[in-house]
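Student: This one is coords_16.cif, mmCIF, C-alpha atoms and all ligand atoms.
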data_upload
#
loop_
_atom_site.group_PDB
_atom_site.id
_atom_site.type_symbol
_atom_site.label_atom_id
_atom_site.label_comp_id
_atom_site.auth_asym_id
_atom_site.auth_seq_id
_atom_site.Cartn_x
_atom_site.Cartn_y
_atom_site.Cartn_z
ATOM 1 C CA MET T 1 -16.831 -18.495 4.546
ATOM 2 C CA ILE T 2 -14.114 -19.825 2.261
ATOM 3 C CA ARG T 3 -14.404 -23.280 0.721
ATOM 4 C CA PHE T 4 -11.949 -25.252 -1.352
ATOM 5 C CA ASP T 5 -13.578 -28.374 -2.761
ATOM 6 C CA ASP T 6 -11.275 -30.887 -4.430
ATOM 7 C CA VAL T 7 -9.107 -28.112 -5.861
ATOM 8 C CA SER T 8 -6.128 -28.934 -8.059
ATOM 9 C CA VAL T 9 -3.797 -26.529 -9.830
ATOM 10 C CA THR T 10 -1.501 -27.752 -12.588
ATOM 11 C CA TYR T 11 0.776 -25.116 -14.069
ATOM 12 C CA ARG T 12 1.682 -25.036 -17.727
ATOM 13 C CA GLY T 13 4.655 -27.330 -17.979
ATOM 14 C CA GLY T 14 2.938 -29.911 -15.800
ATOM 15 C CA VAL T 15 3.802 -29.019 -12.178
ATOM 16 C CA ARG T 16 0.913 -30.049 -9.935
ATOM 17 C CA ALA T 17 1.085 -27.293 -7.343
ATOM 18 C CA LEU T 18 -2.162 -28.181 -5.533
ATOM 19 C CA ARG T 19 -3.652 -31.657 -5.330
ATOM 20 C CA ASN T 20 -7.271 -32.259 -4.371
ATOM 21 C CA VAL T 21 -7.328 -29.601 -1.676
ATOM 22 C CA ASP T 22 -10.373 -29.495 0.607
ATOM 23 C CA LEU T 23 -10.581 -26.633 3.109
ATOM 24 C CA ARG T 24 -13.347 -24.863 4.993
ATOM 25 C CA ILE T 25 -12.393 -21.589 6.611
ATOM 26 C CA ASP T 26 -15.006 -19.845 8.721
ATOM 27 C CA ASP T 27 -15.472 -16.109 8.907
ATOM 28 C CA GLY T 28 -12.962 -14.482 11.228
ATOM 29 C CA GLU T 29 -10.498 -17.390 11.385
ATOM 30 C CA PHE T 30 -6.732 -16.813 11.523
ATOM 31 C CA VAL T 31 -5.014 -19.562 9.543
ATOM 32 C CA VAL T 32 -1.288 -20.055 9.152
ATOM 33 C CA VAL T 33 -0.106 -22.094 6.162
ATOM 34 C CA VAL T 34 3.291 -23.793 6.256
ATOM 35 C CA GLY T 35 5.186 -26.106 3.965
ATOM 36 C CA LEU T 36 8.554 -26.460 2.291
ATOM 37 C CA SER T 37 9.518 -24.175 -0.555
ATOM 38 C CA GLY T 38 7.500 -25.314 -3.561
ATOM 39 C CA ALA T 39 4.798 -26.989 -1.456
ATOM 40 C CA GLY T 40 2.093 -24.764 -2.953
ATOM 41 C CA LYS T 41 1.540 -22.054 -0.302
ATOM 42 C CA SER T 42 1.593 -19.112 -2.724
ATOM 43 C CA THR T 43 -0.480 -21.050 -5.229
ATOM 44 C CA LEU T 44 -3.136 -21.628 -2.552
ATOM 45 C CA LEU T 45 -3.490 -17.877 -1.921
ATOM 46 C CA ARG T 46 -3.325 -16.986 -5.625
ATOM 47 C CA ALA T 47 -5.986 -19.541 -6.500
ATOM 48 C CA LEU T 48 -8.237 -17.986 -3.864
ATOM 49 C CA ASN T 49 -8.144 -14.547 -5.433
ATOM 50 C CA GLY T 50 -8.202 -15.942 -8.964
ATOM 51 C CA LEU T 51 -4.669 -14.890 -9.909
ATOM 52 C CA VAL T 52 -3.942 -18.518 -10.694
ATOM 53 C CA PRO T 53 -6.792 -20.471 -12.304
ATOM 54 C CA ALA T 54 -7.654 -23.721 -10.571
ATOM 55 C CA THR T 55 -7.467 -26.607 -13.013
ATOM 56 C CA SER T 56 -10.328 -28.432 -11.319
ATOM 57 C CA GLY T 57 -12.547 -28.194 -8.292
ATOM 58 C CA SER T 58 -14.430 -25.315 -6.733
ATOM 59 C CA ILE T 59 -13.348 -22.337 -4.636
ATOM 60 C CA THR T 60 -16.044 -20.149 -3.108
ATOM 61 C CA ILE T 61 -15.966 -17.046 -0.949
ATOM 62 C CA ASP T 62 -19.304 -16.434 0.729
ATOM 63 C CA GLY T 63 -20.877 -18.574 -1.952
ATOM 64 C CA THR T 64 -19.301 -16.734 -4.904
ATOM 65 C CA GLU T 65 -17.439 -19.109 -7.221
ATOM 66 C CA VAL T 66 -13.878 -18.021 -8.030
ATOM 67 C CA VAL T 67 -13.016 -20.830 -10.456
ATOM 68 C CA GLY T 68 -13.953 -19.770 -13.974
ATOM 69 C CA ALA T 69 -15.121 -16.307 -12.871
ATOM 70 C CA GLN T 70 -15.077 -13.666 -15.615
ATOM 71 C CA SER T 71 -13.027 -10.500 -15.299
ATOM 72 C CA ALA T 72 -15.814 -8.284 -13.892
ATOM 73 C CA GLU T 73 -16.655 -10.947 -11.282
ATOM 74 C CA LEU T 74 -12.973 -11.404 -10.489
ATOM 75 C CA ARG T 75 -12.587 -7.653 -9.931
ATOM 76 C CA ALA T 76 -15.497 -7.742 -7.499
ATOM 77 C CA ILE T 77 -14.005 -10.747 -5.675
ATOM 78 C CA ARG T 78 -10.551 -9.148 -5.471
ATOM 79 C CA SER T 79 -11.913 -5.847 -4.210
ATOM 80 C CA ARG T 80 -12.933 -7.713 -1.049
ATOM 81 C CA ILE T 81 -9.561 -9.438 -0.584
ATOM 82 C CA GLY T 82 -6.648 -7.497 0.918
ATOM 83 C CA MET T 83 -3.248 -8.751 -0.219
ATOM 84 C CA ILE T 84 -0.048 -8.352 1.786
ATOM 85 C CA PHE T 85 3.243 -9.129 0.081
ATOM 86 C CA GLN T 86 6.698 -10.258 1.176
ATOM 87 C CA THR T 87 8.299 -7.295 -0.613
ATOM 88 C CA PHE T 88 5.575 -4.804 0.447
ATOM 89 C CA ASN T 89 4.911 -3.678 -3.180
ATOM 90 C CA LEU T 90 4.718 0.014 -2.274
ATOM 91 C CA VAL T 91 5.192 2.919 -4.648
ATOM 92 C CA ASN T 92 8.354 4.251 -3.049
ATOM 93 C CA ARG T 93 8.440 7.762 -4.486
ATOM 94 C CA THR T 94 4.981 8.750 -3.217
ATOM 95 C CA SER T 95 3.640 9.343 0.268
ATOM 96 C CA VAL T 96 2.496 6.723 2.722
ATOM 97 C CA LEU T 97 -1.031 8.164 2.526
ATOM 98 C CA ASN T 98 -1.117 7.868 -1.274
ATOM 99 C CA ASN T 99 0.020 4.273 -0.992
ATOM 100 C CA VAL T 100 -2.779 3.498 1.425
ATOM 101 C CA LEU T 101 -5.314 5.343 -0.756
ATOM 102 C CA MET T 102 -4.462 2.865 -3.521
ATOM 103 C CA GLY T 103 -6.444 0.400 -1.435
ATOM 104 C CA ARG T 104 -9.492 2.589 -2.171
ATOM 105 C CA LEU T 105 -9.032 2.502 -5.959
ATOM 106 C CA ALA T 106 -11.709 -0.096 -6.574
ATOM 107 C CA SER T 107 -14.291 2.063 -4.781
ATOM 108 C CA VAL T 108 -13.547 5.428 -6.405
ATOM 109 C CA PRO T 109 -14.175 6.586 -10.005
ATOM 110 C CA ALA T 110 -10.890 6.442 -11.950
ATOM 111 C CA TRP T 111 -10.853 10.153 -12.877
ATOM 112 C CA ARG T 112 -10.867 11.249 -9.257
ATOM 113 C CA SER T 113 -7.904 9.110 -8.234
ATOM 114 C CA THR T 114 -6.021 10.075 -11.417
ATOM 115 C CA ILE T 115 -6.074 13.753 -10.505
ATOM 116 C CA GLY T 116 -5.539 13.021 -6.820
ATOM 117 C CA LEU T 117 -8.989 14.269 -5.877
ATOM 118 C CA TRP T 118 -9.869 11.709 -3.274
ATOM 119 C CA PRO T 119 -13.232 12.048 -1.540
ATOM 120 C CA ALA T 120 -12.764 13.070 2.101
ATOM 121 C CA THR T 121 -14.301 9.794 3.277
ATOM 122 C CA ASP T 122 -11.578 7.825 1.482
ATOM 123 C CA THR T 123 -8.837 9.895 3.050
ATOM 124 C CA GLU T 124 -10.531 9.330 6.397
ATOM 125 C CA ILE T 125 -10.628 5.553 5.841
ATOM 126 C CA ALA T 126 -6.949 5.589 4.827
ATOM 127 C CA MET T 127 -5.942 7.603 7.901
ATOM 128 C CA GLN T 128 -7.899 5.231 10.149
ATOM 129 C CA ALA T 129 -6.081 2.290 8.566
ATOM 130 C CA LEU T 130 -2.737 3.963 9.316
ATOM 131 C CA GLU T 131 -3.871 4.581 12.860
ATOM 132 C CA ARG T 132 -4.727 0.916 13.297
ATOM 133 C CA VAL T 133 -1.162 -0.089 12.455
ATOM 134 C CA GLY T 134 0.284 2.721 14.551
ATOM 135 C CA ILE T 135 1.994 4.853 11.912
ATOM 136 C CA VAL T 136 -0.483 7.643 11.252
ATOM 137 C CA GLU T 137 2.277 10.178 11.963
ATOM 138 C CA LYS T 138 4.079 8.898 8.856
ATOM 139 C CA ALA T 139 1.182 9.697 6.487
ATOM 140 C CA TYR T 140 3.039 12.425 4.578
ATOM 141 C CA VAL T 141 6.457 10.743 4.558
ATOM 142 C CA ARG T 142 7.717 9.146 1.349
ATOM 143 C CA ALA T 143 7.262 5.374 1.512
ATOM 144 C CA ALA T 144 10.942 4.911 0.587
ATOM 145 C CA ASP T 145 11.993 6.703 3.774
ATOM 146 C CA LEU T 146 10.437 4.139 6.125
ATOM 147 C CA SER T 147 12.033 1.099 7.740
ATOM 148 C CA GLY T 148 11.082 -2.346 6.464
ATOM 149 C CA GLY T 149 8.686 -2.955 9.335
ATOM 150 C CA GLN T 150 7.022 0.402 8.784
ATOM 151 C CA GLN T 151 6.737 -0.299 5.064
ATOM 152 C CA GLN T 152 5.002 -3.581 5.800
ATOM 153 C CA ARG T 153 2.612 -1.727 8.100
ATOM 154 C CA VAL T 154 1.797 0.544 5.162
ATOM 155 C CA GLY T 155 1.158 -2.621 3.149
ATOM 156 C CA ILE T 156 -1.235 -3.803 5.850
ATOM 157 C CA ALA T 157 -2.924 -0.375 6.015
ATOM 158 C CA ARG T 158 -3.379 -0.371 2.230
ATOM 159 C CA ALA T 159 -5.062 -3.780 2.464
ATOM 160 C CA LEU T 160 -7.228 -2.541 5.354
ATOM 161 C CA ALA T 161 -8.294 0.545 3.386
ATOM 162 C CA GLN T 162 -10.012 -1.844 0.989
ATOM 163 C CA GLU T 163 -12.329 -2.743 3.871
ATOM 164 C CA PRO T 164 -11.782 -6.380 2.959
ATOM 165 C CA SER T 165 -13.558 -9.424 4.324
ATOM 166 C CA VAL T 166 -10.458 -11.552 3.707
ATOM 167 C CA MET T 167 -6.738 -10.787 4.140
ATOM 168 C CA LEU T 168 -4.105 -12.893 2.378
ATOM 169 C CA ALA T 169 -0.504 -12.467 3.456
ATOM 170 C CA ASP T 170 2.174 -14.346 1.504
ATOM 171 C CA GLU T 171 5.250 -14.570 3.740
ATOM 172 C CA PRO T 172 4.692 -11.052 5.079
ATOM 173 C CA VAL T 173 7.723 -11.131 7.367
ATOM 174 C CA ALA T 174 10.255 -12.903 5.164
ATOM 175 C CA ALA T 175 12.135 -9.637 4.529
ATOM 176 C CA LEU T 176 12.116 -8.499 8.177
ATOM 177 C CA ASP T 177 14.344 -9.065 11.201
ATOM 178 C CA PRO T 178 13.055 -11.277 14.055
ATOM 179 C CA VAL T 179 11.839 -8.459 16.320
ATOM 180 C CA THR T 180 10.028 -6.650 13.506
ATOM 181 C CA SER T 181 8.633 -9.960 12.264
ATOM 182 C CA ARG T 182 6.933 -10.531 15.595
ATOM 183 C CA GLN T 183 5.550 -6.988 15.630
ATOM 184 C CA VAL T 184 4.066 -7.358 12.165
ATOM 185 C CA MET T 185 2.604 -10.773 12.992
ATOM 186 C CA GLY T 186 1.200 -9.201 16.169
ATOM 187 C CA ASP T 187 -0.427 -6.475 14.055
ATOM 188 C CA LEU T 188 -2.038 -9.075 11.808
ATOM 189 C CA ARG T 189 -3.349 -11.037 14.775
ATOM 190 C CA ARG T 190 -4.699 -7.943 16.510
ATOM 191 C CA ILE T 191 -6.461 -6.724 13.348
ATOM 192 C CA ASN T 192 -7.949 -10.183 12.911
ATOM 193 C CA ARG T 193 -9.306 -10.058 16.468
ATOM 194 C CA GLU T 194 -10.476 -6.439 16.373
ATOM 195 C CA LEU T 195 -12.100 -6.448 12.931
ATOM 196 C CA GLY T 196 -12.888 -10.140 12.473
ATOM 197 C CA ILE T 197 -11.301 -10.209 9.009
ATOM 198 C CA THR T 198 -10.627 -13.791 7.914
ATOM 199 C CA THR T 199 -6.845 -14.020 7.576
ATOM 200 C CA LEU T 200 -4.570 -16.509 5.822
ATOM 201 C CA VAL T 201 -0.842 -16.135 6.362
ATOM 202 C CA ASN T 202 1.872 -18.161 4.626
ATOM 203 C CA LEU T 203 4.862 -18.506 6.890
ATOM 204 C CA HIS T 204 8.296 -19.934 6.566
ATOM 205 C CA PHE T 205 9.298 -20.026 10.218
ATOM 206 C CA LEU T 206 7.711 -22.773 12.246
ATOM 207 C CA ASP T 207 8.189 -21.148 15.666
ATOM 208 C CA LEU T 208 6.441 -18.034 14.364
ATOM 209 C CA ALA T 209 3.612 -20.218 13.065
ATOM 210 C CA ARG T 210 3.273 -21.789 16.489
ATOM 211 C CA GLU T 211 3.412 -18.460 18.270
ATOM 212 C CA PHE T 212 0.846 -16.594 16.213
ATOM 213 C CA GLY T 213 -1.276 -19.226 14.511
ATOM 214 C CA ARG T 214 -4.523 -20.645 15.797
ATOM 215 C CA ARG T 215 -5.234 -23.055 13.050
ATOM 216 C CA LEU T 216 -2.395 -24.566 11.070
ATOM 217 C CA VAL T 217 -2.606 -25.909 7.541
ATOM 218 C CA GLY T 218 0.392 -27.916 6.385
ATOM 219 C CA LEU T 219 1.066 -28.382 2.680
ATOM 220 C CA ARG T 220 3.394 -31.014 1.313
ATOM 221 C CA ASP T 221 3.872 -31.363 -2.391
ATOM 222 C CA GLY T 222 0.544 -29.641 -3.086
ATOM 223 C CA GLU T 223 -1.456 -31.722 -0.633
ATOM 224 C CA VAL T 224 -2.955 -30.723 2.691
ATOM 225 C CA VAL T 225 -1.209 -33.128 5.060
ATOM 226 C CA PHE T 226 -2.188 -31.353 8.292
ATOM 227 C CA ASP T 227 -5.146 -29.195 9.236
ATOM 228 C CA GLY T 228 -5.773 -28.568 12.885
ATOM 229 C CA ASP T 229 -5.432 -26.542 16.017
ATOM 230 C CA ILE T 230 -1.985 -25.100 16.622
ATOM 231 C CA ALA T 231 -2.218 -26.375 20.196
ATOM 232 C CA ASP T 232 -2.076 -29.930 18.862
ATOM 233 C CA VAL T 233 1.021 -29.300 16.744
ATOM 234 C CA THR T 234 4.189 -31.075 17.807
ATOM 235 C CA ASP T 235 7.669 -31.257 16.313
ATOM 236 C CA GLU T 236 6.525 -34.550 14.802
ATOM 237 C CA THR T 237 3.713 -32.649 12.991
ATOM 238 C CA PHE T 238 6.265 -30.309 11.434
ATOM 239 C CA ARG T 239 8.505 -33.230 10.462
ATOM 240 C CA HIS T 240 5.518 -34.832 8.772
ATOM 241 C CA ILE T 241 4.652 -31.620 6.878
ATOM 242 C CA TYR T 242 8.252 -31.040 5.804
ATOM 243 C CA GLY T 243 9.115 -34.668 5.202
ATOM 244 C CA ARG T 244 12.417 -34.166 6.983
ATOM 245 C CA ALA T 245 13.888 -33.157 10.322
ATOM 246 C CA ILE T 246 13.446 -29.511 11.390
ATOM 247 C CA THR T 247 16.628 -27.434 11.292
ATOM 248 C CA ASP T 248 17.646 -24.058 12.725
ATOM 249 C CA ASP T 249 16.924 -22.528 9.319
ATOM 250 C CA ASP T 250 13.247 -23.352 9.835
ATOM 251 C CA LEU T 251 13.145 -21.254 12.996
ATOM 252 C CA LEU T 252 13.125 -17.503 13.443
ATOM 253 C CA ALA T 253 14.375 -17.450 17.011
ATOM 254 C CA VAL T 254 18.090 -17.301 17.544
ATOM 255 C CA ASP T 255 19.828 -17.824 20.886
ATOM 256 C CA GLY T 256 16.631 -18.222 22.871
ATOM 257 C CA GLU T 257 15.206 -14.758 22.265
ATOM 258 C CA PRO T 258 12.270 -14.120 24.515
ATOM 259 C CA THR T 259 8.889 -14.339 22.800
ATOM 260 C CA GLU T 260 6.072 -11.949 23.579
HETATM 261 N N1 LIG O 1 3.874 -19.568 -12.663
HETATM 262 C C1 LIG O 1 4.309 -20.815 -12.491
HETATM 263 N N2 LIG O 1 4.531 -21.628 -13.558
HETATM 264 C C2 LIG O 1 4.956 -22.892 -13.407
HETATM 265 N N3 LIG O 1 5.185 -23.473 -12.204
HETATM 266 C C3 LIG O 1 4.984 -22.728 -11.110
HETATM 267 C C4 LIG O 1 4.545 -21.358 -11.184
HETATM 268 N N4 LIG O 1 4.432 -20.865 -9.924
HETATM 269 C C5 LIG O 1 4.792 -21.863 -9.114
HETATM 270 N N5 LIG O 1 5.138 -22.982 -9.799
HETATM 271 C C6 LIG O 1 5.547 -24.278 -9.233
HETATM 272 O O1 LIG O 1 4.468 -24.757 -8.429
HETATM 273 C C7 LIG O 1 4.949 -25.341 -7.222
HETATM 274 C C8 LIG O 1 4.347 -24.611 -6.032
HETATM 275 O O2 LIG O 1 4.842 -23.276 -6.038
HETATM 276 P P1 LIG O 1 4.433 -22.205 -4.940
HETATM 277 O O3 LIG O 1 5.037 -20.925 -5.371
HETATM 278 O O4 LIG O 1 2.972 -22.242 -4.729
HETATM 279 O O5 LIG O 1 5.170 -22.792 -3.655
HETATM 280 P P2 LIG O 1 5.434 -22.102 -2.223
HETATM 281 O O6 LIG O 1 5.010 -23.093 -1.210
HETATM 282 O O7 LIG O 1 4.814 -20.761 -2.201
HETATM 283 O O8 LIG O 1 7.025 -21.987 -2.219
HETATM 284 P P3 LIG O 1 7.978 -20.851 -1.531
HETATM 285 O O9 LIG O 1 8.065 -21.205 -0.074
HETATM 286 O O10 LIG O 1 9.300 -21.039 -2.215
HETATM 287 O O11 LIG O 1 7.369 -19.512 -1.794
HETATM 288 C C9 LIG O 1 6.465 -25.272 -7.300
HETATM 289 O O12 LIG O 1 6.929 -26.489 -7.797
HETATM 290 C C10 LIG O 1 6.714 -24.162 -8.285
HETATM 291 O O13 LIG O 1 7.939 -24.332 -8.954
HETATM 292 MG MG MG O 2 5.555 -18.827 -1.976
#
Let me see the structure of the file written as C-alpha cells.

Tutor:
Amino acid sequence: MIRFDDVSVTYRGGVRALRNVDLRIDDGEFVVVVGLSGAGKSTLLRALNGLVPATSGSITIDGTEVVGAQSAELRAIRSRIGMIFQTFNLVNRTSVLNNVLMGRLASVPAWRSTIGLWPATDTEIAMQALERVGIVEKAYVRAADLSGGQQQRVGIARALAQEPSVMLADEPVAALDPVTSRQVMGDLRRINRELGITTLVNLHFLDLAREFGRRLVGLRDGEVVFDGDIADVTDETFRHIYGRAITDDDLLAVDGEPTE
C-alpha cells in the first residue's frame, strides 16, 4: 500500500509543486493522474521513488518511509519500483534483450553484468517480460531499430524485469500516435490486471484517462482537487481540475476514431 500523508514539495527557488497531498493507494490499483502542465504530476511520481525529496509529510510504500530515507534504503525502495518514461530512455545501440536485462541490475552482482555474464534465470525473466508485452521476437534487434510503440514496450518490459510491486509511468504515451498510445495503455492495464502490480500513470489526454483509468486523481497547482472513480468523472470534473474549459488539445481522439 502507498500512503501520502500531508506531503508538500517546494523546489529550490520557491515553487510549491505539491501542497498537503493525502493519498492512499491499495495494492493492485490502477490510478491515472491528470492535471495541467506544471500541476505537479511528475513531482508526485518522483517524490514516491525519492528522486525529489518531500519538504514535509510522509510517504510510505508497504510501511517503508521514503521521506528522509538514506541512499541504501532508497536503492532498496527503487529496486521495487518500475519506471516508465515518456522518451523510453533506452540504450539505442544495444539489443532489446540487453535493455530489458538492465531491469535486473539491482539483483545481480555488478561484475557479472559488466562482462555481460547474466545468470540464466535473469535472461529467462527478461525474455518472459518481453513475451508479456508481445515483442519477444525482437529480443536480438537493436533498440534503435524499433518503432516508438515497440520501444515503449521495451521500456515496460525493462520495468517488469525488475519484478516490481509498483509501476510509475510518467506520460508514457506522449511521444506516440493515437493508435499506438491506446495499445501501450492497453498493455499497462493488462499487466496491472494479470500481475496485480500497483500502477500510477500520468496522462495528458483526458479521453485516454477516461478510457483506461479506474481511479482518477486530479492535480491543480500542486493540490489534489479530485480523487475518485473514473465512472463518476464528468466534463465538469475535468474543467474543475484544469480550471478552464476543455479543448481539442486535451483530447487524443481526432475525428471520432473508434475506441477499443
Ligand atoms: N527541478 C525543479 N526545480 C524547480 N522547479 C521545478 C522542478 N521541477 C519542476 N518544477 C516546477 O514544479 C511545478 C510542478 O512541476 P511538474 O514537473 O511536477 O509538473 P507536471 O504536472 O509534471 O507538468 P507537465 O505536464 O508539464 O509534465 C512546476 O511549476 C515546475 O516548473
Ligand atoms: Mg510532467

Student: Could you list, as a list in words, all protein and nucleic acid residues with an atom at most 8 Å from ligand MG 2 (chain O), counting only C-alpha atoms and all ligand atoms?

Tutor: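 Listing the residues within 8 Å of ligand MG 2 (chain O) gives Ser37, Gly38, Gly40, Lys41, Ser42, Thr43, Asp170, Glu171 and Asn202 of chain T.
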
Student: Mind listing the residues within 10 Å of ligand LIG 1 (chain O), only C-alpha atoms and all ligand atoms counted, as a PyMOL selection string?

Tutor: chain T and resi 9-18+33-47+52+86+170-171+202-204+219-222

Student: Assuming the chain letters and numbering stay as they are in my file, what does the PyMOL selection byres (((chain T and resi 159) around 10) and not hetatm) actually select? List them as an NGL selection string.

Tutor: :T and (79-84 or 100-104 or 126 or 129 or 153-158 or 160-164 or 166-169)

Student: Mind giving me the axis-aligned box for range 118-125 of chain T with 6 Å on every side, centre plus edges in Å to one decimal, as lines of an AutoDock Vina configuration file?

Tutor:
center_x = -11.6
center_y = 9.3
center_z = 1.6
size_x = 17.5
size_y = 19.5
size_z = 21.7

Student: Between CA of Met185 in chain T and CA of Gly149 in chain T, what distance in Å does the model show, to one decimal?

Tutor: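 One can read the CA of Met185 in chain T to CA of Gly149 in chain T distance as 10.6 Å.
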
Student: Taking only C-alpha atoms into account, name the residue in T:Phe226, T:Phe238, T:Phe30, T:Trp118 that is nearest to Arg214 in chain T.

Tutor: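 Answer, going by the shortest atom-to-atom distance: T:Phe30.
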
Student: Here is a test: counting all atoms listed in the file, which residue of T:Val136, T:Leu23, T:Ile191, T:Leu208 is nearest to Pro178 in chain T?

Tutor: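 Checking each of T:Val136, T:Leu23, T:Ile191, T:Leu208 against Pro178 in chain T, counting all atoms listed in the file, the winner is T:Leu208.
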
Student: Of the residues T:Asp232, T:Glu223, T:Glu124, T:Asp207, which is the one nearest to Asp250 in chain T, using only C-alpha atoms?

Tutor: T:Asp207

Student: Please evaluate the PyMOL selection byres (((chain T and resi 140) around 10) and not hetatm) against the displayed coordinates and give the resulting residues as a ChimeraX atom specification.

Tutor: /T:94-98,136-139,141-143

Student: List the neighbours of Thr64 in chain T out to 12 Å using all atoms listed in the file; skip same-chain residues closer than 5 positions along the sequence, and give me the result as a PyMOL selection string.

Tutor: chain T and resi 1-4+48-50+58-59+69-70+73-74+76-78+80

Student: Considering all atoms listed in the file, can you say which of T:Arg75, T:Ile241, T:Val91, T:Asp22 comes closest to Thr60 in chain T?

Tutor: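 So, comparing all the options, the nearest one is T:Asp22.
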
Student: Identify which of the residues T:Leu105, T:Val31, T:Leu117, T:Leu188 lies closest to Pro172 in chain T, counting only C-alpha atoms when measuring atom-to-atom distances.

Tutor: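 So, comparing all the options, the nearest one is T:Leu188.
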
Student: Please, what distance in Å, to one decimal, runs between CA of Val184 in chain T and CA of Gln152 in chain T?

Tutor: 7.5 Å
